[in-house]
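Note: the block below is model-v9.txt and it holds compact mmCIF, C-alpha atoms and all ligand atoms.
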# COMPACT_ATOMS: atom_id res chain seq x y z
CA MET N 16 -23.31 -32.77 -133.49
CA ASN N 17 -23.54 -30.03 -130.93
CA ARG N 18 -20.09 -28.65 -130.10
CA VAL N 19 -20.20 -26.17 -127.23
CA LEU N 20 -18.48 -22.79 -127.16
CA ASN N 21 -15.73 -23.65 -124.72
CA PHE N 22 -14.35 -20.89 -122.48
CA SER N 23 -12.85 -23.31 -119.92
CA ALA N 24 -9.61 -22.42 -118.16
CA GLY N 25 -8.11 -25.85 -118.74
CA PRO N 26 -8.31 -28.52 -119.84
CA SER N 27 -9.89 -26.60 -122.65
CA GLY N 28 -11.15 -26.94 -126.20
CA LEU N 29 -9.15 -28.05 -129.20
CA ASP N 30 -9.83 -26.96 -132.76
CA ILE N 31 -12.26 -29.25 -134.52
CA SER N 32 -9.79 -29.87 -137.35
CA VAL N 33 -7.27 -31.26 -134.84
CA LEU N 34 -9.87 -33.54 -133.27
CA LYS N 35 -10.99 -34.74 -136.68
CA ARG N 36 -7.47 -35.58 -137.69
CA ALA N 37 -6.98 -37.53 -134.47
CA GLN N 38 -10.28 -39.26 -135.16
CA ALA N 39 -9.31 -40.13 -138.73
CA GLU N 40 -6.05 -41.62 -137.48
CA PHE N 41 -7.51 -43.26 -134.41
CA LEU N 42 -7.77 -46.80 -135.73
CA ASP N 43 -5.14 -46.60 -138.39
CA TYR N 44 -2.17 -44.24 -138.03
CA HIS N 45 -0.70 -43.45 -141.47
CA GLY N 46 -2.03 -46.75 -142.88
CA LEU N 47 -0.01 -48.81 -140.40
CA GLY N 48 -2.99 -50.52 -138.79
CA PHE N 49 -2.57 -49.24 -135.24
CA ASN N 50 -3.08 -46.17 -133.13
CA ILE N 51 0.14 -44.41 -132.17
CA MET N 52 -0.70 -45.02 -128.51
CA GLU N 53 -0.59 -48.77 -129.16
CA VAL N 54 3.07 -49.00 -130.11
CA SER N 55 6.40 -48.85 -128.33
CA HIS N 56 7.85 -45.47 -127.48
CA ARG N 57 11.18 -46.93 -128.61
CA GLY N 58 9.94 -47.94 -132.03
CA LYS N 59 10.60 -46.06 -135.27
CA VAL N 60 7.05 -44.81 -135.78
CA PHE N 61 6.72 -43.14 -132.41
CA GLU N 62 10.28 -41.87 -132.51
CA GLU N 63 9.75 -40.11 -135.82
CA MET N 64 6.57 -38.38 -134.68
CA HIS N 65 8.18 -37.45 -131.36
CA ASN N 66 11.24 -35.92 -132.99
CA ASN N 67 9.09 -34.09 -135.52
CA ALA N 68 7.04 -32.56 -132.72
CA ILE N 69 10.24 -31.39 -131.00
CA ALA N 70 11.55 -29.94 -134.27
CA LYS N 71 8.27 -28.06 -134.78
CA ILE N 72 8.54 -26.56 -131.29
CA ARG N 73 12.13 -25.51 -131.96
CA ARG N 74 11.07 -23.81 -135.18
CA LEU N 75 8.04 -22.12 -133.61
CA TYR N 76 9.99 -20.56 -130.77
CA GLY N 77 13.26 -20.20 -132.65
CA ILE N 78 15.14 -22.37 -130.15
CA ASP N 79 18.55 -23.69 -131.07
CA ASP N 80 20.55 -26.63 -129.79
CA ASP N 81 21.56 -24.76 -126.64
CA TYR N 82 18.22 -25.87 -125.25
CA ALA N 83 16.79 -29.31 -124.47
CA VAL N 84 13.11 -29.69 -125.40
CA MET N 85 11.40 -32.30 -123.26
CA PHE N 86 7.97 -33.78 -122.74
CA LEU N 87 7.60 -34.61 -119.05
CA GLN N 88 4.83 -35.70 -116.70
CA GLY N 89 3.63 -34.46 -113.33
CA GLY N 90 2.13 -31.23 -114.63
CA GLY N 91 2.95 -27.72 -113.55
CA HIS N 92 3.02 -28.86 -109.95
CA MET N 93 5.99 -31.09 -110.64
CA GLN N 94 7.87 -28.14 -112.06
CA PHE N 95 7.35 -26.14 -108.86
CA ALA N 96 9.62 -28.75 -107.25
CA GLN N 97 11.85 -29.71 -110.17
CA VAL N 98 12.99 -26.13 -110.76
CA PRO N 99 14.62 -25.64 -107.33
CA MET N 100 15.86 -29.25 -107.29
CA ASN N 101 17.69 -28.73 -110.56
CA LEU N 102 18.71 -25.08 -110.54
CA TYR N 103 19.44 -24.09 -106.96
CA ILE N 104 23.14 -24.06 -106.19
CA GLY N 105 23.24 -22.73 -102.66
CA GLY N 106 22.83 -19.02 -103.34
CA VAL N 107 19.43 -17.42 -103.44
CA ALA N 108 16.44 -18.13 -105.69
CA GLU N 109 14.29 -15.11 -106.53
CA TYR N 110 10.55 -15.20 -107.15
CA ALA N 111 7.99 -12.69 -108.37
CA ASN N 112 4.67 -13.48 -106.75
CA THR N 113 1.84 -12.56 -109.12
CA GLY N 114 -0.81 -15.13 -108.29
CA VAL N 115 -1.94 -18.53 -107.14
CA TRP N 116 0.57 -20.47 -109.21
CA SER N 117 3.69 -18.53 -108.34
CA ASN N 118 2.57 -18.72 -104.72
CA LYS N 119 2.50 -22.51 -104.99
CA ALA N 120 5.97 -22.53 -106.53
CA ILE N 121 7.23 -20.41 -103.62
CA LYS N 122 5.69 -22.86 -101.14
CA ASP N 123 7.64 -25.71 -102.70
CA ALA N 124 10.86 -23.69 -102.54
CA LYS N 125 10.12 -23.31 -98.83
CA ILE N 126 9.41 -27.02 -98.34
CA LEU N 127 12.69 -27.88 -100.05
CA GLY N 128 14.46 -25.61 -97.58
CA ILE N 129 16.29 -23.52 -100.15
CA ASN N 130 17.20 -19.91 -99.60
CA TYR N 131 14.69 -17.89 -101.57
CA ARG N 132 13.49 -14.30 -101.74
CA VAL N 133 10.22 -12.86 -103.05
CA VAL N 134 11.41 -9.71 -104.80
CA ALA N 135 8.02 -8.41 -105.92
CA SER N 136 4.41 -9.24 -105.15
CA SER N 137 0.93 -8.03 -106.00
CA GLU N 138 -0.70 -10.19 -103.33
CA ALA N 139 -1.79 -7.18 -101.22
CA ASP N 140 -3.95 -6.04 -104.15
CA ASN N 141 -5.51 -9.42 -104.80
CA PHE N 142 -3.05 -10.06 -107.61
CA CYS N 143 -4.76 -7.60 -109.94
CA TYR N 144 -1.53 -6.48 -111.62
CA ILE N 145 1.99 -7.41 -112.65
CA PRO N 146 4.46 -5.23 -110.70
CA ASP N 147 6.08 -2.55 -112.93
CA GLU N 148 9.51 -3.20 -111.51
CA ILE N 149 10.75 -6.66 -110.65
CA PRO N 150 14.12 -6.11 -109.01
CA PHE N 151 15.79 -9.40 -109.89
CA ASN N 152 19.49 -9.64 -109.13
CA ALA N 153 22.23 -10.80 -111.44
CA ASN N 154 23.68 -13.13 -108.83
CA ALA N 155 20.43 -15.04 -108.17
CA ASP N 156 20.61 -18.78 -108.84
CA TYR N 157 17.48 -18.25 -110.89
CA CYS N 158 14.64 -15.74 -111.23
CA TYR N 159 11.12 -17.18 -111.34
CA ILE N 160 7.98 -15.74 -112.94
CA CYS N 161 4.55 -16.99 -113.96
CA SER N 162 4.00 -15.60 -117.44
CA ASN N 163 0.21 -15.64 -117.34
CA ASN N 164 -1.82 -15.82 -114.15
CA THR N 165 -4.70 -18.08 -115.05
CA VAL N 166 -6.81 -17.42 -111.96
CA HIS N 167 -6.56 -13.63 -111.67
CA GLY N 168 -6.23 -12.88 -115.38
CA THR N 169 -2.96 -10.97 -115.55
CA GLN N 170 -0.03 -11.46 -117.90
CA TYR N 171 3.47 -10.13 -118.40
CA LYS N 172 3.55 -8.00 -121.55
CA SER N 173 7.30 -8.49 -121.61
CA TYR N 174 9.56 -10.49 -119.35
CA PRO N 175 11.58 -8.74 -116.63
CA ASP N 176 15.31 -8.21 -116.85
CA THR N 177 17.30 -10.68 -114.75
CA HIS N 178 20.62 -8.94 -115.41
CA GLY N 179 22.12 -12.20 -116.54
CA ALA N 180 20.61 -14.71 -114.09
CA PRO N 181 18.57 -17.53 -115.69
CA LEU N 182 14.90 -16.70 -116.01
CA VAL N 183 12.42 -19.47 -115.17
CA VAL N 184 9.03 -19.06 -116.84
CA ASP N 185 5.84 -20.90 -115.96
CA ALA N 186 4.04 -20.51 -119.29
CA SER N 187 1.31 -23.05 -118.53
CA SER N 188 -1.51 -20.80 -119.58
CA ASP N 189 0.07 -18.88 -122.44
CA LEU N 190 2.11 -21.63 -124.06
CA PHE N 191 2.12 -21.41 -127.89
CA SER N 192 0.09 -18.18 -127.69
CA ARG N 193 2.74 -15.59 -128.64
CA GLU N 194 6.37 -15.29 -129.69
CA VAL N 195 9.06 -15.62 -127.01
CA ASP N 196 12.70 -14.70 -127.53
CA PHE N 197 14.57 -17.23 -125.39
CA LYS N 198 18.03 -15.73 -125.79
CA ALA N 199 17.09 -12.06 -125.36
CA ASN N 200 15.16 -12.89 -122.19
CA ASN N 201 17.93 -15.08 -120.84
CA ILE N 202 15.50 -17.95 -120.36
CA GLY N 203 16.90 -20.87 -118.41
CA VAL N 204 13.73 -22.94 -118.03
CA PHE N 205 10.41 -22.48 -119.81
CA TRP N 206 7.56 -24.86 -119.25
CA GLY N 207 3.85 -25.35 -119.58
CA GLY N 208 1.28 -28.09 -119.29
CA ALA N 209 -0.29 -28.99 -122.60
CA GLN N 210 -3.88 -28.91 -121.40
CA LYS N 211 -4.67 -25.33 -122.37
CA ASN N 212 -3.04 -24.47 -125.68
CA GLY N 213 -1.17 -27.64 -126.50
CA GLY N 214 -3.44 -30.65 -126.29
CA PRO N 215 -4.64 -33.01 -123.59
CA ALA N 216 -3.60 -33.02 -119.92
CA GLY N 217 -0.73 -35.31 -118.99
CA VAL N 218 2.18 -33.79 -120.89
CA THR N 219 4.30 -30.87 -119.75
CA LEU N 220 6.57 -29.22 -122.26
CA VAL N 221 9.79 -28.32 -120.45
CA ILE N 222 12.58 -26.44 -122.24
CA VAL N 223 15.87 -26.15 -120.37
CA ARG N 224 19.09 -24.39 -121.33
CA LYS N 225 21.66 -27.14 -121.50
CA ASP N 226 24.39 -25.35 -119.54
CA LEU N 227 22.10 -25.57 -116.48
CA LEU N 228 21.74 -29.34 -116.61
CA ASP N 229 24.85 -30.01 -114.52
CA ARG N 230 23.70 -27.89 -111.62
CA VAL N 231 21.54 -30.67 -110.21
CA ALA N 232 22.31 -31.65 -106.60
CA ASP N 233 23.57 -35.15 -105.76
CA ASN N 234 20.45 -36.03 -103.75
CA VAL N 235 17.95 -35.46 -106.56
CA PRO N 236 16.41 -38.78 -107.68
CA THR N 237 17.14 -39.89 -111.23
CA ILE N 238 13.76 -39.24 -112.79
CA LEU N 239 13.51 -35.75 -111.27
CA ARG N 240 16.73 -34.63 -112.93
CA TYR N 241 16.29 -32.59 -116.08
CA LYS N 242 19.61 -34.04 -117.19
CA THR N 243 18.21 -37.58 -117.16
CA GLN N 244 15.41 -36.72 -119.56
CA ALA N 245 17.49 -34.32 -121.66
CA GLU N 246 20.05 -37.06 -122.31
CA ALA N 247 17.34 -39.65 -123.00
CA ASN N 248 15.29 -37.38 -125.32
CA SER N 249 12.40 -37.65 -122.78
CA LEU N 250 12.47 -41.44 -123.06
CA ALA N 251 14.08 -42.28 -119.73
CA ASN N 252 10.70 -43.68 -118.79
CA THR N 253 7.58 -44.32 -120.89
CA PRO N 254 6.41 -40.90 -122.02
CA PRO N 255 2.75 -39.88 -122.44
CA THR N 256 2.77 -41.02 -126.04
CA PHE N 257 -0.78 -40.15 -127.05
CA GLY N 258 -0.52 -36.68 -125.51
CA ILE N 259 2.68 -35.99 -127.43
CA TYR N 260 0.95 -37.10 -130.63
CA MET N 261 -1.91 -34.69 -129.94
CA ILE N 262 0.59 -31.86 -129.38
CA ASP N 263 2.12 -32.72 -132.74
CA LEU N 264 -1.29 -32.29 -134.40
CA VAL N 265 -1.89 -29.01 -132.56
CA LEU N 266 1.52 -27.74 -133.74
CA ASP N 267 0.54 -28.36 -137.36
CA TRP N 268 -2.67 -26.44 -136.77
CA ILE N 269 -0.73 -23.53 -135.19
CA ASN N 270 1.49 -23.42 -138.26
CA GLU N 271 -1.58 -23.31 -140.49
CA LYS N 272 -2.71 -20.27 -138.49
CA GLY N 273 0.51 -18.43 -139.27
CA GLY N 274 2.68 -19.73 -136.44
CA LEU N 275 3.03 -17.86 -133.16
CA GLU N 276 2.78 -14.48 -134.86
CA GLY N 277 -0.52 -15.36 -136.52
CA ILE N 278 -1.86 -16.93 -133.34
CA ARG N 279 -0.84 -13.90 -131.26
CA GLU N 280 -2.54 -11.47 -133.61
CA LEU N 281 -5.72 -13.50 -133.45
CA ASN N 282 -5.51 -13.79 -129.65
CA GLU N 283 -5.06 -10.02 -129.33
CA LYS N 284 -8.12 -9.38 -131.48
CA LYS N 285 -10.22 -11.75 -129.38
CA ALA N 286 -9.10 -10.19 -126.10
CA HIS N 287 -9.61 -6.67 -127.44
CA LEU N 288 -13.18 -7.48 -128.41
CA LEU N 289 -14.05 -8.81 -124.97
CA TYR N 290 -12.23 -6.14 -122.94
CA SER N 291 -13.90 -3.45 -125.07
CA LYS N 292 -17.26 -4.82 -124.04
CA ILE N 293 -16.25 -4.75 -120.38
CA ASP N 294 -14.89 -1.20 -120.69
CA GLU N 295 -17.90 0.30 -122.44
CA SER N 296 -20.27 -1.03 -119.79
CA ASP N 297 -21.06 0.09 -116.23
CA PHE N 298 -22.45 -3.36 -115.55
CA TYR N 299 -19.30 -5.43 -116.02
CA THR N 300 -16.08 -4.76 -114.13
CA GLY N 301 -12.72 -6.26 -115.04
CA HIS N 302 -10.44 -7.55 -112.29
CA ALA N 303 -7.01 -6.96 -113.83
CA ARG N 304 -5.36 -3.55 -114.02
CA PHE N 305 -5.50 -2.22 -117.56
CA ASP N 306 -1.78 -2.62 -118.32
CA SER N 307 -1.61 -6.14 -116.89
CA ARG N 308 -4.62 -7.68 -118.59
CA SER N 309 -4.24 -11.22 -119.81
CA VAL N 310 -4.93 -12.03 -123.42
CA MET N 311 -5.73 -15.60 -122.36
CA ASN N 312 -7.94 -15.38 -119.25
CA VAL N 313 -10.36 -12.47 -118.96
CA THR N 314 -11.62 -12.07 -115.38
CA PHE N 315 -14.63 -9.88 -114.69
CA ASN N 316 -17.85 -9.68 -112.75
CA THR N 317 -21.35 -8.27 -112.77
CA PRO N 318 -22.58 -6.00 -109.91
CA ALA N 319 -23.71 -8.95 -107.72
CA ASP N 320 -22.75 -12.54 -106.89
CA GLU N 321 -26.27 -13.66 -107.69
CA LEU N 322 -26.02 -12.10 -111.14
CA ASP N 323 -22.68 -13.82 -111.72
CA LYS N 324 -24.36 -17.15 -110.96
CA LEU N 325 -27.24 -16.31 -113.24
CA PHE N 326 -24.78 -15.30 -115.96
CA VAL N 327 -23.21 -18.75 -115.79
CA SER N 328 -26.51 -20.65 -115.89
CA GLU N 329 -27.92 -18.48 -118.69
CA SER N 330 -24.73 -18.82 -120.74
CA GLU N 331 -24.94 -22.60 -120.41
CA LYS N 332 -28.42 -22.47 -121.92
CA GLU N 333 -26.80 -20.71 -124.87
CA ASN N 334 -24.30 -23.54 -125.33
CA MET N 335 -21.35 -21.81 -123.62
CA ILE N 336 -19.33 -23.56 -120.94
CA GLY N 337 -16.51 -22.68 -118.56
CA LEU N 338 -17.43 -19.08 -117.69
CA LYS N 339 -17.52 -19.47 -113.92
CA GLY N 340 -14.58 -17.75 -112.24
CA HIS N 341 -12.00 -19.74 -110.27
CA ARG N 342 -13.24 -20.37 -106.73
CA ILE N 343 -10.41 -18.28 -105.27
CA LEU N 344 -11.38 -15.11 -107.13
CA GLY N 345 -15.06 -15.78 -107.79
CA GLY N 346 -16.92 -13.81 -110.47
CA LEU N 347 -16.58 -14.76 -114.10
CA ARG N 348 -13.72 -15.80 -116.32
CA ALA N 349 -13.60 -16.29 -120.06
CA SER N 350 -10.53 -18.18 -121.20
CA LEU N 351 -9.68 -17.30 -124.77
CA TYR N 352 -7.09 -19.95 -125.54
CA ASN N 353 -5.88 -20.54 -129.08
CA ALA N 354 -8.76 -22.81 -130.08
CA VAL N 355 -11.42 -20.20 -129.16
CA SER N 356 -12.34 -18.46 -132.41
CA LEU N 357 -13.03 -14.76 -132.90
CA GLU N 358 -16.56 -15.77 -133.83
CA ASN N 359 -16.97 -17.55 -130.47
CA VAL N 360 -15.93 -14.37 -128.68
CA ARG N 361 -18.45 -12.38 -130.75
CA VAL N 362 -21.18 -14.74 -129.58
CA LEU N 363 -20.07 -14.27 -125.97
CA VAL N 364 -20.02 -10.47 -126.32
CA ASP N 365 -23.53 -10.50 -127.84
CA PHE N 366 -24.68 -12.64 -124.96
CA MET N 367 -23.12 -10.21 -122.47
CA ARG N 368 -24.90 -7.28 -124.14
CA GLU N 369 -28.23 -9.06 -123.95
CA PHE N 370 -27.66 -10.16 -120.34
CA GLU N 371 -26.89 -6.58 -119.36
CA ARG N 372 -30.01 -5.31 -121.14
CA LYS N 373 -32.18 -7.81 -119.28
CA PHE N 374 -30.64 -7.64 -115.82
CA GLY N 375 -28.66 -4.40 -115.74
N1 LIG N 401 0.78 -22.86 -113.56
C1 LIG N 401 -0.27 -22.24 -114.14
C2 LIG N 401 -0.10 -20.85 -114.65
C3 LIG N 401 -1.49 -22.90 -114.23
O1 LIG N 401 -2.54 -22.28 -114.80
C4 LIG N 401 -1.62 -24.21 -113.72
C5 LIG N 401 -2.90 -25.01 -113.82
N2 LIG N 401 -4.00 -24.37 -114.20
C6 LIG N 401 -0.50 -24.79 -113.12
C7 LIG N 401 0.67 -24.10 -113.07
C8 LIG N 401 -0.58 -26.17 -112.54
O2 LIG N 401 -0.62 -27.10 -113.54
P1 LIG N 401 -0.99 -28.65 -113.31
O3 LIG N 401 -2.42 -28.70 -112.89
O4 LIG N 401 -0.75 -29.24 -114.66
O5 LIG N 401 -0.07 -29.18 -112.28

Can I see the file as structure tokens?
Amino acid sequence: MNRVLNFSAGPSGLDISVLKRAQAEFLDYHGLGFNIMEVSHRGKVFEEMHNNAIAKIRRLYGIDDDYAVMFLQGGGHMQFAQVPMNLYIGGVAEYANTGVWSNKAIKDAKILGINYRVVASSEADNFCYIPDEIPFNANADYCYICSNNTVHGTQYKSYPDTHGAPLVVDASSDLFSREVDFKANNIGVFWGGAQKNGGPAGVTLVIVRKDLLDRVADNVPTILRYKTQAEANSLANTPPTFGIYMIDLVLDWINEKGGLEGIRELNEKKAHLLYSKIDESDFYTGHARFDSRSVMNVTFNTPADELDKLFVSESEKENMIGLKGHRILGGLRASLYNAVSLENVRVLVDFMREFERKFG
């Protein structure tokens, strides 16, 4: 078996132990003679697994019953629309624009015709940093941020103060990667697609503070209401059952790694190793400003586009995939999601050293 070293930005790799467990249970889940995807989402077997997965997420993040934990569909893109549909109450929605994905969320706010304001932006500097000050206002209907900017490789080190307004966090690309204090950060909605740190594409974890559920406007269709799914424990329609099962396996693996604290420490070590290589070299240049660097997506380039291309093709020969930068930014990107091991990053850094020696 030849497993690649997977630095893809998402969907991305899962730990081999998780895949093996899924494989072992594929034909016969817990000796019951079926795969979990083959049974009703309203049956006991699925229900138990589903509720266990939710309980594990509550424990991991330290979330109490003030929040609804839901598994929805439609990806991050659905949340760009669902957030204003469910939280806007005729005042003003405030956004911090730190990259491609917050920009898309802002576009949907515009399409929906709500009153919104972009209070901070790093667009003029090609989104290479997270603004130091994000002047959110206490009376905003909600304050929106993207926790980790997958394309440009920047990340909030801590969340901005909303002075009491609900904070909305797109955590698609740093879900389950570090601790988050929901209460201290006044989080109203926190969501992320599973396909990077949580499991396969097709499930979006959406956590909503329950006091916000009644804000929804009368003209929002049933299935787009958070309240509908919160009251139905995500079973208002058929949920992505197999994806939820995979998340459940990933959650066990995260716990084996020491929970979010253990995972964060490991992620920081991995990122430090790679950024140190970039910093010690005149050949590689990082895109993100030092204080805004993402622990998850490391964006960098060599001195020439041609060399970037060569870097990608040479790395593929060495069994590494996913190192081509996003088409919007170009260059190179190494995504160091939870399932990327420290050893994998060492191999990448050795490769970078050798590439620089040959072509630098
Ligand atoms: N937000 C962020 C930060 C992302 O990285 C992505 C996808 N890479 C999205 C939103 C959109 O997610 P989806 O493709 O699941 O709609």

(request) Would you list the residues near (-11.7, -9.2, -119.8), meaning any protein, DNA or RNA residue with an atom at most 7 Å from that point in file coordinates, counting all atoms listed in the file, as a VMD selection string? (result) chain N and resid 286 289 to 290 293 301 313 to 315

(request) Would you mind listing what lies within 7 Å of Leu239 in chain N as a PyMOL selection string, with only C-alpha atoms counted and same-chain residues fewer than 3 positions away left out? (result) chain N and resi 97+235-236

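Rounded to one decimal, CA of Tyr110 in chain N and CA of Pro150 in chain N lie 9.9 Å from each other.
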
Write out as a short mmCIF file (atom, residue, chain, number, x, y, z; two decimals) with C-alpha atoms, keeping the file's coordinate frame which residues come within 10 Å of Phe305 in chain N when counting only C-alpha atoms, dropping same-chain ones fewer than 2 positions away.
data_model
loop_
_atom_site.label_atom_id
_atom_site.label_comp_id
_atom_site.auth_asym_id
_atom_site.auth_seq_id
_atom_site.Cartn_x
_atom_site.Cartn_y
_atom_site.Cartn_z
CA CYS N 143 -4.76 -7.60 -109.94
CA TYR N 144 -1.53 -6.48 -111.62
CA THR N 169 -2.96 -10.97 -115.55
CA TYR N 290 -12.23 -6.14 -122.94
CA ASP N 294 -14.89 -1.20 -120.69
CA GLY N 301 -12.72 -6.26 -115.04
CA HIS N 302 -10.44 -7.55 -112.29
CA ALA N 303 -7.01 -6.96 -113.83
CA SER N 307 -1.61 -6.14 -116.89
CA ARG N 308 -4.62 -7.68 -118.59
CA SER N 309 -4.24 -11.22 -119.81
#

(request) Might you pull out every residue within 9 Å of His178 in chain N, with only C-alpha atoms counted and same-chain residues fewer than 5 positions away left off, and present them as a PyMOL selection string? (result) chain N and resi 151-154+201

Counting only C-alpha atoms and all ligand atoms, give me one row per residue of chain N with an atom at most 6 Å from an atom of ligand LIG 401 (chain N), showing the shortest contact pair and its distance in Å to one decimal, sorted by chain then residue number, as a Markdown table.
| residue | atom | partner | partner_atom | distance |
| --- | --- | --- | --- | --- |
| N:Gly90 | CA | N:LIG401 | O4 | 3.5 |
| N:Gly91 | CA | N:LIG401 | O5 | 3.6 |
| N:His92 | CA | N:LIG401 | O5 | 3.9 |
| N:Trp116 | CA | N:LIG401 | N1 | 5.0 |
| N:Asn163 | CA | N:LIG401 | C2 | 5.9 |
| N:Asn164 | CA | N:LIG401 | C2 | 5.3 |
| N:Thr165 | CA | N:LIG401 | O1 | 4.7 |
| N:Asp185 | CA | N:LIG401 | N1 | 5.9 |
| N:Ser187 | CA | N:LIG401 | C2 | 4.7 |
| N:Ser188 | CA | N:LIG401 | O1 | 5.1 |
| N:Gly208 | CA | N:LIG401 | O4 | 5.2 |

(request) May I ask which of the residues N:Ile72, N:Val19, N:Met100, N:Leu322 is the closest one to Ile269 in chain N, counting only C-alpha atoms? (result)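 Counting only C-alpha atoms, the residue closest to Ile269 in chain N is N:Ile72.
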
(request) Check the smallest atom-to-atom distance from each of N:Pro254, N:Phe61, N:Gly214, N:Ala108 to Tyr44 in chain N using only C-alpha atoms, then report the winner. (result)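 The closest residue to Tyr44 in chain N is N:Phe61.
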
(request) Kindly give the distance, in Å, that separates CA of Gln38 in chain N and CA of Lys59 in chain N, rounded to a single decimal. (result)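 These atoms are spaced 22.0 Å apart.
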
(message) So, with all atoms listed in the file as the atoms that count, which of N:Ser192, N:Asn101, N:Ser173, N:Asn118 lies closest to Leu281 in chain N?
(response) N:Ser192

(message) Nearest residue to Phe191 in chain N out of N:Gly25, N:Gly89, N:Pro99, N:Gly207, using only C-alpha atoms?
(response)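 That would be N:Gly207, the residue with the smallest distance to Phe191 in chain N.
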
(request) With all atoms listed in the file counted, which protein, DNA or RNA residues have an atom no more than 9 Å from (23.4, -29.5, -104.0) in the file frame? Please answer as number ranges by chain. (result) N: 100-101, 103-105, 230-235

(message) So that I can see what lies close to Asp226 in chain N, please list as a count of residues only the residues with an atom at most 9 Å from it, counting all atoms listed in the file and leaving out residues fewer than 2 positions away in the same chain.
(response) 8

(request) Choose the residue, out of N:Ala245, N:Ile121, N:Val134, N:Ala209, that has the smallest atom-to-atom separation from Leu227 in chain N; count all atoms listed in the file. (result)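 Going through N:Ala245, N:Ile121, N:Val134, N:Ala209 one by one, the smallest distance to Leu227 in chain N is for N:Ala245.
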
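For the residues N:Asn316, N:Asn17, N:Ser350, N:Ser356, ranking by smallest atom-to-atom distance to Glu371 in chain N using all atoms listed in the file places N:Asn316 first.
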
(message) Report, in Å to a single decimal, how far apart CA of Trp268 in chain N and CA of Arg73 in chain N are.
(response) 15.6 Å

(message) Give me, as a ChimeraX atom specification, all polymer residues having an atom no more than 12 Å from Arg368 in chain N, counting all atoms listed in the file and skipping those fewer than 2 positions away in the same chain.
(response) /N:289,291-293,295-299,317,326,361-366,370-375

Set up a box along x, y and z of the file covering all listed atoms of range 113-127 of chain N, add 3 Å on every one of the six sides, and write the centre and edge lengths in Å to one decimal, as JSON.
{"center_x": 5.4, "center_y": -20.2, "center_z": -103.8, "size_x": 20.6, "size_y": 21.3, "size_z": 16.9}
